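Below is the file target.cif, which contains mmCIF, C-alpha atoms.
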```cif
data_run
loop_
_atom_site.label_atom_id
_atom_site.label_comp_id
_atom_site.auth_asym_id
_atom_site.auth_seq_id
_atom_site.Cartn_x
_atom_site.Cartn_y
_atom_site.Cartn_z
CA MET A 1 25.45 130.92 -13.87
CA ILE A 2 22.98 133.20 -15.70
CA ARG A 3 25.50 133.59 -18.51
CA PHE A 4 25.84 129.83 -18.84
CA LEU A 5 22.05 129.39 -18.92
CA ALA A 6 21.70 132.12 -21.58
CA ARG A 7 24.28 130.40 -23.76
CA ALA A 8 22.59 127.03 -23.39
CA ALA A 9 19.22 128.57 -24.26
CA ALA A 10 20.68 130.24 -27.39
CA LEU A 11 22.18 126.91 -28.43
CA ALA A 12 18.87 125.12 -27.92
CA ILE A 13 16.98 127.77 -29.92
CA ALA A 14 19.51 127.52 -32.76
CA ALA A 15 19.17 123.72 -32.78
CA LEU A 16 15.37 124.07 -32.84
CA ILE A 17 15.48 126.51 -35.76
CA LEU A 18 17.84 124.21 -37.69
CA PHE A 19 15.55 121.23 -37.03
CA ALA A 20 12.51 123.21 -38.26
CA LEU A 21 14.41 124.24 -41.41
CA GLN A 22 15.46 120.64 -42.04
CA GLN A 23 11.91 119.35 -41.62
CA THR A 24 10.36 121.99 -43.89
CA THR A 25 12.96 121.87 -46.71
CA PRO A 26 11.10 120.91 -49.89
CA GLY A 27 12.40 117.89 -51.79
CA TYR A 28 14.17 118.13 -55.14
CA SER A 29 11.10 116.97 -57.07
CA GLU A 30 9.01 119.62 -55.31
CA ILE A 31 11.49 122.43 -56.09
CA THR A 32 11.75 121.44 -59.74
CA GLY A 33 8.08 120.48 -60.12
CA PRO A 34 5.36 122.20 -62.13
CA ILE A 35 4.68 125.90 -61.60
CA THR A 36 0.98 125.99 -60.86
CA GLN A 37 -1.16 128.77 -62.26
CA ARG A 38 -4.70 128.80 -60.95
CA GLY A 39 -7.82 129.77 -62.83
CA VAL A 40 -11.48 128.98 -63.16
CA ALA A 41 -13.53 127.56 -66.02
CA GLY A 42 -15.01 130.26 -68.26
CA THR A 43 -12.00 132.59 -68.23
CA ALA A 44 -8.90 132.44 -70.42
CA ILE A 45 -5.70 131.62 -68.54
CA THR A 46 -2.29 132.28 -70.05
CA GLY A 47 0.66 130.06 -69.17
CA ARG A 48 4.27 130.28 -70.36
CA GLY A 49 3.60 128.64 -73.72
CA PHE A 50 -0.16 128.58 -74.25
CA THR A 51 -3.52 130.15 -73.44
CA LEU A 52 -6.50 127.99 -72.52
CA ARG A 53 -10.16 128.55 -71.69
CA VAL A 54 -12.47 125.79 -70.46
CA GLU A 55 -15.98 126.45 -71.80
CA LYS A 56 -17.79 123.61 -70.06
CA VAL A 57 -17.54 120.00 -68.95
CA VAL A 58 -20.07 117.36 -69.95
CA LEU A 59 -20.40 114.20 -67.83
CA ALA A 60 -21.77 111.20 -69.70
CA GLU A 61 -22.32 107.44 -69.36
CA ARG A 62 -21.49 106.73 -73.02
CA LEU A 63 -19.63 108.48 -75.83
CA ARG A 64 -20.40 108.27 -79.52
CA TRP A 65 -18.60 109.74 -82.53
CA GLN A 66 -17.93 109.19 -86.22
CA ALA A 67 -14.44 108.66 -87.64
CA PHE A 68 -12.85 106.91 -90.61
CA GLY A 69 -16.29 106.19 -92.10
CA ARG A 70 -17.69 104.30 -89.09
CA SER A 71 -19.42 104.97 -85.83
CA TYR A 72 -17.66 104.53 -82.47
CA ASP A 73 -19.45 103.84 -79.21
CA ARG A 74 -17.65 103.64 -75.84
CA ASP A 75 -18.93 103.02 -72.34
CA THR A 76 -17.00 103.10 -69.08
CA GLY A 77 -17.03 101.66 -65.56
CA GLY A 78 -17.16 105.21 -64.17
CA LEU A 79 -18.13 108.38 -65.99
CA TRP A 80 -16.86 110.13 -69.08
CA ALA A 81 -15.87 113.75 -68.45
CA VAL A 82 -15.47 115.75 -71.65
CA ALA A 83 -14.01 119.24 -71.27
CA VAL A 84 -14.74 121.60 -74.16
CA VAL A 85 -11.79 124.00 -74.34
CA GLU A 86 -10.30 126.68 -76.56
CA ALA A 87 -6.50 126.76 -76.73
CA GLU A 88 -3.79 128.69 -78.53
CA GLY A 89 0.01 128.52 -78.58
CA THR A 90 1.63 131.72 -77.24
CA PRO A 91 4.11 132.89 -78.37
CA ALA A 92 5.23 129.81 -80.34
CA THR A 93 3.71 126.72 -81.93
CA THR A 94 3.09 124.10 -79.26
CA ALA A 95 0.98 121.08 -78.25
CA LEU A 96 -0.71 120.08 -74.99
CA SER A 97 0.51 116.69 -73.82
CA GLY A 98 -0.42 116.94 -70.15
CA ALA A 99 -4.12 116.77 -69.16
CA THR A 100 -5.25 115.38 -65.81
CA TRP A 101 -8.56 115.43 -63.93
CA LEU A 102 -7.84 116.19 -60.28
CA ALA A 103 -10.64 114.98 -58.01
CA ALA A 104 -11.50 116.75 -54.75
CA SER A 105 -10.17 113.68 -52.90
CA GLY A 106 -6.76 114.12 -54.56
CA LEU A 107 -7.14 111.24 -57.03
CA ARG A 108 -5.73 112.02 -60.45
CA PHE A 109 -7.18 110.69 -63.71
CA GLU A 110 -4.96 111.01 -66.79
CA ALA A 111 -6.72 111.94 -70.05
CA SER A 112 -8.14 108.87 -71.79
CA GLN A 113 -6.73 107.64 -75.09
CA ARG A 114 -9.89 105.62 -75.85
CA ALA A 115 -11.52 108.44 -77.80
CA GLU A 116 -8.36 109.47 -79.64
CA SER A 117 -9.97 109.14 -83.06
CA ALA A 118 -12.69 111.72 -82.26
CA ARG A 119 -12.37 114.78 -84.48
CA GLY A 120 -11.99 117.36 -81.74
CA PHE A 121 -9.47 115.37 -79.64
CA LEU A 122 -7.04 118.10 -78.60
CA ARG A 123 -4.30 116.34 -76.66
CA GLY A 124 -1.08 116.30 -78.70
CA LYS A 125 -2.55 118.44 -81.49
CA ARG A 126 -0.52 121.42 -82.80
CA LEU A 127 -1.59 124.82 -81.51
CA GLU A 128 -0.49 127.79 -83.59
CA PRO A 129 -0.18 131.38 -82.27
CA GLY A 130 -3.07 133.57 -83.45
CA LEU A 131 -5.22 130.55 -84.38
CA PRO A 132 -7.22 129.53 -81.29
CA GLN A 133 -8.59 126.01 -81.59
CA ARG A 134 -11.70 124.57 -80.01
CA GLY A 135 -11.22 120.98 -78.90
CA LEU A 136 -11.95 118.28 -76.37
CA LEU A 137 -10.03 116.90 -73.40
CA ILE A 138 -11.56 113.54 -72.51
CA PHE A 139 -11.27 111.71 -69.18
CA GLU A 140 -12.65 108.54 -67.60
CA ILE A 141 -13.25 109.34 -63.95
CA GLY A 142 -14.76 107.70 -60.88
CA ARG A 143 -18.40 108.60 -60.12
CA ASP A 144 -17.43 110.27 -56.83
CA ALA A 145 -14.73 112.37 -58.58
CA ALA A 146 -17.14 114.34 -60.77
CA ARG A 147 -17.86 117.29 -58.47
CA ARG A 148 -15.47 119.96 -57.14
CA GLY A 149 -12.71 118.68 -59.38
CA ALA A 150 -10.09 120.63 -61.33
CA LEU A 151 -8.25 120.25 -64.61
CA LEU A 152 -4.44 120.21 -64.72
CA VAL A 153 -3.17 121.14 -68.18
CA SER A 154 0.44 121.52 -69.35
CA GLU A 155 2.61 121.34 -72.45
CA ALA A 156 4.69 118.42 -71.18
CA ARG A 157 3.00 115.31 -69.81
CA TRP A 158 5.01 115.60 -66.58
CA PRO A 159 6.02 119.29 -66.46
CA ARG A 160 9.21 120.27 -64.64
CA LEU A 161 9.80 123.97 -63.88
CA ASP A 162 7.07 124.81 -66.36
CA THR A 163 3.51 126.11 -66.25
CA GLN A 164 0.71 123.78 -65.23
CA LEU A 165 -2.73 125.35 -65.33
CA ARG A 166 -5.03 124.30 -62.49
CA ILE A 167 -8.54 125.15 -63.57
CA ALA A 168 -11.33 124.88 -61.02
CA LEU A 169 -14.63 123.53 -62.37
CA PRO A 170 -17.64 125.17 -60.67
CA ASP A 171 -20.96 123.31 -60.85
CA ASP A 172 -22.52 125.84 -63.24
CA ARG A 173 -19.97 124.79 -65.88
CA ILE A 174 -20.82 121.09 -65.61
CA GLU A 175 -23.55 119.50 -67.73
CA GLN A 176 -24.81 115.92 -67.81
CA ALA A 177 -25.87 113.59 -70.60
CA GLU A 178 -26.74 109.92 -70.85
CA THR A 179 -25.05 109.42 -74.23
CA LEU A 180 -22.85 112.20 -75.58
CA ASP A 181 -22.30 112.57 -79.31
CA LEU A 182 -18.83 114.18 -79.55
CA ASP A 183 -19.50 115.43 -83.07
CA THR A 184 -22.18 117.79 -81.72
CA LEU A 185 -19.67 119.51 -79.44
CA LYS A 186 -17.38 120.82 -82.19
CA MET B 187 77.21 166.57 -27.24
CA THR B 188 74.72 165.41 -29.62
CA ASP B 189 71.12 166.38 -29.50
CA ALA B 190 69.55 163.01 -29.33
CA THR B 191 65.85 163.38 -29.76
CA ALA B 192 63.86 160.22 -29.50
CA VAL B 193 61.99 159.39 -32.73
CA PRO B 194 58.67 157.91 -31.81
CA SER B 195 58.45 154.42 -33.33
CA ILE B 196 55.45 154.01 -35.67
CA ALA B 197 54.32 150.50 -34.85
CA LYS B 198 52.38 148.88 -37.71
CA PRO B 199 49.09 147.49 -36.40
CA PRO B 200 48.56 143.78 -37.06
CA PRO B 201 46.42 143.06 -40.14
CA ASN B 202 42.74 142.77 -39.44
CA TRP B 203 42.07 139.33 -40.99
CA ARG B 204 38.46 139.31 -39.99
CA ARG B 205 37.80 142.47 -42.01
CA ARG B 206 39.85 141.19 -44.98
CA CYS B 207 37.93 137.91 -45.04
CA LEU B 208 34.62 139.75 -44.97
CA TRP B 209 35.68 141.91 -47.95
CA ALA B 210 36.88 138.79 -49.80
CA LEU B 211 33.53 137.06 -49.33
CA PRO B 212 31.59 138.90 -52.09
CA VAL B 213 34.48 138.31 -54.54
CA ILE B 214 34.78 134.60 -53.68
CA LEU B 215 31.00 134.08 -53.83
CA THR B 216 30.74 135.79 -57.23
CA LEU B 217 33.63 133.71 -58.55
CA ALA B 218 32.14 130.49 -57.18
CA LEU B 219 28.75 131.30 -58.72
CA PHE B 220 30.41 132.02 -62.07
CA VAL B 221 32.41 128.75 -62.03
CA GLN B 222 29.36 126.76 -60.95
CA ALA B 223 26.95 128.31 -63.48
CA ARG B 224 29.37 128.60 -66.45
CA LYS B 225 28.44 125.26 -68.03
CA ALA B 226 24.71 125.68 -67.44
CA VAL B 227 24.68 129.23 -68.86
CA SER B 228 26.66 128.23 -71.95
CA ALA B 229 24.35 125.20 -72.49
CA TRP B 230 21.30 127.48 -72.15
CA ALA B 231 22.74 130.05 -74.60
CA GLY B 232 23.62 127.23 -77.01
CA ALA B 233 20.04 126.00 -77.01
CA ASN B 234 18.26 129.34 -77.53
CA ASP B 235 18.02 131.91 -80.31
CA LEU B 236 19.04 135.05 -78.46
CA VAL B 237 20.98 137.35 -80.80
CA ALA B 238 19.47 138.18 -84.20
CA GLN B 239 21.72 138.65 -87.21
CA ALA B 240 19.43 140.67 -89.49
CA SER B 241 19.65 140.42 -93.26
CA PRO B 242 17.50 141.84 -96.09
CA PHE B 243 15.02 139.30 -97.44
CA ASP B 244 16.43 139.24 -100.96
CA ARG B 245 20.14 138.95 -100.05
CA THR B 246 22.33 136.00 -99.11
CA ALA B 247 23.71 135.71 -95.60
CA ASN B 248 26.24 133.44 -93.91
CA LEU B 249 25.50 131.41 -90.80
CA ALA B 250 26.96 128.26 -89.25
CA GLY B 251 29.07 127.23 -92.24
CA ALA B 252 26.55 127.92 -95.01
CA GLU B 253 25.45 130.76 -97.27
CA TRP B 254 21.66 131.04 -97.03
CA ARG B 255 19.25 132.45 -99.60
CA ILE B 256 15.45 132.71 -99.55
CA VAL B 257 14.22 131.35 -102.87
CA SER B 258 10.53 132.05 -102.19
CA LEU B 259 7.93 132.46 -99.49
CA GLN B 260 4.50 131.82 -101.00
CA ARG B 261 0.98 131.99 -99.65
CA ILE B 262 -0.50 128.88 -101.28
CA ALA B 263 -3.92 128.52 -99.64
CA GLU B 264 -6.41 130.24 -97.34
CA ARG B 265 -8.65 128.33 -94.94
CA PRO B 266 -12.08 129.40 -93.66
CA ASP B 267 -10.75 129.58 -90.06
CA GLY B 268 -8.56 132.58 -91.00
CA SER B 269 -5.34 130.61 -91.39
CA THR B 270 -3.05 130.60 -94.38
CA ILE B 271 -0.71 127.90 -95.65
CA ALA B 272 2.74 129.22 -96.48
CA LEU B 273 5.46 127.41 -98.40
CA LEU B 274 9.05 128.47 -97.84
CA ARG B 275 11.91 127.49 -100.12
CA ILE B 276 15.50 128.11 -99.07
CA GLU B 277 18.89 127.31 -100.57
CA ALA B 278 22.02 126.76 -98.50
CA LYS B 279 25.45 126.74 -100.13
CA VAL B 280 27.65 124.63 -97.89
CA LEU B 281 30.90 126.34 -96.85
CA ASP B 282 31.82 124.20 -93.83
CA ALA B 283 30.36 120.68 -94.12
CA GLU B 284 30.93 119.79 -90.43
CA SER B 285 29.32 122.91 -88.88
CA VAL B 286 26.21 122.96 -91.02
CA ALA B 287 25.41 119.25 -90.62
CA GLN B 288 24.95 119.41 -86.83
CA PRO B 289 21.27 118.80 -86.01
CA PRO B 290 18.79 120.14 -85.04
CA CYS B 291 18.24 122.90 -87.56
CA ARG B 292 15.48 125.40 -86.67
CA ILE B 293 13.54 127.44 -89.23
CA THR B 294 10.60 129.59 -88.13
CA LEU B 295 8.39 132.42 -89.33
CA ARG B 296 8.55 135.21 -86.77
CA ALA B 297 6.16 138.15 -86.43
CA PRO B 298 7.38 141.57 -85.22
CA ASP B 299 5.37 141.07 -82.00
CA GLY B 300 7.45 137.98 -81.08
CA ARG B 301 5.02 135.23 -82.08
CA HIS B 302 6.65 132.48 -84.11
CA TRP B 303 5.42 129.55 -86.12
CA GLN B 304 7.30 126.30 -86.51
CA PRO B 305 7.19 124.30 -89.73
CA SER B 306 4.60 121.53 -90.05
CA PHE B 307 5.95 118.07 -89.28
CA LEU B 308 3.96 116.69 -92.22
CA PRO B 309 3.05 119.24 -94.90
CA PRO B 310 -0.68 120.10 -95.07
CA SER B 311 -2.49 118.65 -98.12
CA GLU B 312 -2.45 122.06 -99.87
CA ALA B 313 1.36 122.22 -99.55
CA SER B 314 1.85 118.58 -100.61
CA ARG B 315 -0.06 119.27 -103.85
CA VAL B 316 2.22 122.23 -104.72
CA ILE B 317 5.36 120.24 -103.82
CA ARG B 318 4.27 117.37 -106.09
CA ARG B 319 3.26 119.74 -108.90
CA ASP B 320 6.64 121.52 -108.82
CA LYS B 321 8.51 118.17 -108.66
CA ASP B 322 10.21 119.48 -105.54
CA GLU B 323 12.00 116.92 -103.34
CA GLY B 324 10.35 118.70 -100.41
CA LYS B 325 13.18 117.98 -97.95
CA THR B 326 12.89 119.82 -94.67
CA CYS B 327 15.93 121.29 -92.92
CA GLY B 328 16.87 118.25 -90.80
CA PRO B 329 16.75 115.55 -93.52
CA ALA B 330 18.37 117.90 -96.06
CA PHE B 331 21.63 117.84 -94.07
CA LEU B 332 21.49 114.21 -92.94
CA GLY B 333 23.59 113.05 -95.89
CA LYS B 334 26.38 115.50 -94.84
CA PRO B 335 26.56 117.41 -98.14
CA PRO B 336 30.18 118.35 -99.07
CA ALA B 337 31.51 121.91 -99.08
CA GLY B 338 30.58 123.74 -102.26
CA SER B 339 27.29 121.87 -102.80
CA THR B 340 23.90 123.59 -102.65
CA VAL B 341 21.08 122.15 -100.54
CA ALA B 342 17.41 122.90 -101.27
CA ILE B 343 15.04 123.08 -98.28
CA THR B 344 11.24 123.29 -98.35
CA GLU B 345 9.15 123.99 -95.24
CA SER B 346 5.41 124.54 -94.86
CA PHE B 347 3.67 126.62 -92.19
CA VAL B 348 0.14 127.25 -90.91
CA LEU B 349 -0.24 130.82 -89.62
CA PRO B 350 -2.91 133.54 -89.41
CA ALA B 351 -3.56 135.18 -92.78
CA THR B 352 -3.02 138.61 -91.20
CA ALA B 353 0.49 137.66 -90.00
CA PHE B 354 1.81 136.40 -93.35
CA ALA B 355 2.79 139.76 -94.87
CA THR B 356 5.01 140.83 -91.98
CA ALA B 357 6.51 137.50 -90.86
CA ASP B 358 10.31 137.29 -91.06
CA VAL B 359 12.18 134.05 -91.74
CA THR B 360 14.62 132.92 -89.05
CA ILE B 361 17.25 130.17 -89.27
CA SER B 362 19.37 128.80 -86.47
CA LEU B 363 21.74 125.86 -86.10
CA PRO B 364 23.66 124.52 -83.09
CA ALA B 365 26.91 125.87 -84.52
CA SER B 366 25.48 129.41 -84.56
CA ARG B 367 23.45 129.64 -81.34
CA PRO B 368 22.84 131.93 -79.51
CA HIS B 369 23.10 133.82 -82.84
CA TYR B 370 20.43 133.28 -85.45
CA LEU B 371 19.77 134.60 -88.93
CA ARG B 372 16.70 136.78 -89.47
CA PHE B 373 15.66 137.56 -93.05
CA VAL B 374 13.65 140.75 -92.57
CA ARG B 375 10.67 141.50 -94.83
CA ALA B 376 10.78 144.93 -96.45
CA ASN B 377 7.57 146.84 -95.57
#
```
Structure encoded using structure tokens:
Amino acid sequence: MIRFLARAAALAIAALILFALQQTTPGYSEITGPITQRGVAGTAITGRGFTLRVEKVVLAERLRWQAFGRSYDRDTGGLWAVAVVEAEGTPATTALSGATWLAASGLRFEASQRAESARGFLRGKRLEPGLPQRGLLIFEIGRDAARRGALLVSEARWPRLDTQLRIALPDDRIEQAETLDLDTLK
Amino acid sequence: MTDATAVPSIAKPPPNWRRRCLWALPVILTLALFVQARKAVSAWAGANDLVAQASPFDRTANLAGAEWRIVSLQRIAERPDGSTIALLRIEAKVLDAESVAQPPCRITLRAPDGRHWQPSFLPPSEASRVIRRDKDEGKTCGPAFLGKPPAGSTVAITESFVLPATAFATADVTISLPASRPHYLRFVRAN
């Protein structure tokens, strides 16, 4: 009788373990997703194909810049978040196509294309090894997404099995402005 | 009377299949892994420059159905940010028209420390001026082979690069084509 009970218990434990394994198996998209590398604004972080340092973030109600012989002025329903960064391709020439503002609530804001003509606009620009470039990553974010957020930066827009930097943005790296002239940031 | 001594029969023990199967497991698993990964590994090797075929800078070298020669590598401008604009001119004498015309063709400048610079998609203004002045067609590697040049013809290729001024003197020229990978040609600068 004891032997029978021991066998039944072993079987039940095995079934339980298998069930736990099944429930905790990550999905295909999770296994082949981005490889997150964490860092904090102010320090240089090196990924597989590039190095990036976030100097500061400026939150603003309006943006202004000069391009093609005229002045541009843009407002937004939320806030503009302009990250001033320095980036370099390592070890080969590359470009950063993936830039997302990750709010503390989990909301994700893709980099805005509305200020693409600004001189320092970095997204998609070539980054050469040995020639670090200062530039801007520009986002339109909700007002409640401004604090305790993080930047997600990668070479591909939707990285698979490749580095994605996750850069925390402490409050001492965040500045505020009513109207931000992008030409003064370069 | 014969002296009949009983010879003890040596009974062969039955084969231990359990043990044999366990020994076979590592072999079968290795084989299965090899069969499964063969295509992926060969695709990966075919997409990467892994094995350098070194050649002196001033000599011709064969790769992927062409005979390659560096015509010139010039420093044509310096920028205040410490970068230099380099213009590379190469000639390829076609030996096998099919092999050499397979895109994409990859030409880079490669430093001894492993950093490498890809050609500019559009030549910088400094390079465009020199290309116009020299009445050069300015065809980059891809477009140069698009017309499938016949065997025996010579193709001129011009590429421009932006790299640190300090890296220019020691940067080697590398060429790779799908027909050659994982092998690639490395024209080594004499120091």
So which residues get picked by the PyMOL selection byres ((chain B and resi 369) around 9) here, written as a PyMOL selection string? chain B and resi 232+234-239+249+362-363+365-368+370-371
Using only C-alpha atoms, please write the residues we just selected to a file, as a tab-separated table (two decimals), in the frame of the given file.
```tsv
chain	number	residue	atom	x	y	z
B	232	GLY	CA	23.62	127.23	-77.01
B	234	ASN	CA	18.26	129.34	-77.53
B	235	ASP	CA	18.02	131.91	-80.31
B	236	LEU	CA	19.04	135.05	-78.46
B	237	VAL	CA	20.98	137.35	-80.80
B	238	ALA	CA	19.47	138.18	-84.20
B	239	GLN	CA	21.72	138.65	-87.21
B	249	LEU	CA	25.50	131.41	-90.80
B	362	SER	CA	19.37	128.80	-86.47
B	363	LEU	CA	21.74	125.86	-86.10
B	365	ALA	CA	26.91	125.87	-84.52
B	366	SER	CA	25.48	129.41	-84.56
B	367	ARG	CA	23.45	129.64	-81.34
B	368	PRO	CA	22.84	131.93	-79.51
B	370	TYR	CA	20.43	133.28	-85.45
B	371	LEU	CA	19.77	134.60	-88.93
```
Given all atoms listed in the file as the basis, pick out the residue of B:Pro364, B:Val213, B:Arg372, B:Glu312 nearest to B:Glu264. B:Glu312
Give as a ChimeraX atom specification the residues that the PyMOL selection byres ((chain B) within 9 of (chain A)) matches when applied to the coordinates above. /B:267-269,300-306,348-350,353
For this file, the PyMOL selection byres ((chain A and resi 104) around 8) selects which residues, as a count of residues only? 10
Any idea what's packed within 9 Å of A:Lys125, counting only C-alpha atoms, ignoring anything in its chain fewer than 6 positions away? Could you give it as JSON, numbers by chain? {"A": [94, 95, 96, 97]}
Compare B:Arg224, B:Arg296, B:Lys325, B:Arg206 by their minimum atom-to-atom distance to B:Thr356, counting only C-alpha atoms, and give me the closest one.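 Smallest separation from B:Thr356 among the options: B:Arg296.
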If I wrap all listed atoms of stretch 113-118 of chain A in a box with edges along x, y and z and add 6 Å on each side, what are its centre and edge lengths in Å to one decimal, as AutoDock Vina command-line options?
```
--center_x -9.7 --center_y 108.7 --center_z -79.1 --size_x 18.0 --size_y 18.1 --size_z 20.0
```
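Interatomic distance, atom CA of B:Gln260 to atom CA of B:Ala272: 5.5 Å.
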If we count all atoms listed in the file and set the cut-off at 10 Å, which residues sit around A:Trp101, ignoring sequence neighbours fewer than 6 positions away in its own chain? Please answer as an MDAnalysis selection string. chainID A and resid 81 83 107:111 137:141 145:146 149:153 166:167
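Taking atom CA of B:Gly324 and atom CA of B:Pro336 as the two end points, the separation is 19.9 Å.
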Tell me which protein, DNA and RNA residues are within 10 Å of B:Ser258, counting all atoms listed in the file, leaving out same-chain ones fewer than 5 positions away, and put them as a count of residues only. 8
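The interatomic distance for the pair atom CA of B:Val359 and atom CA of B:Pro329 works out to 19.1 Å.
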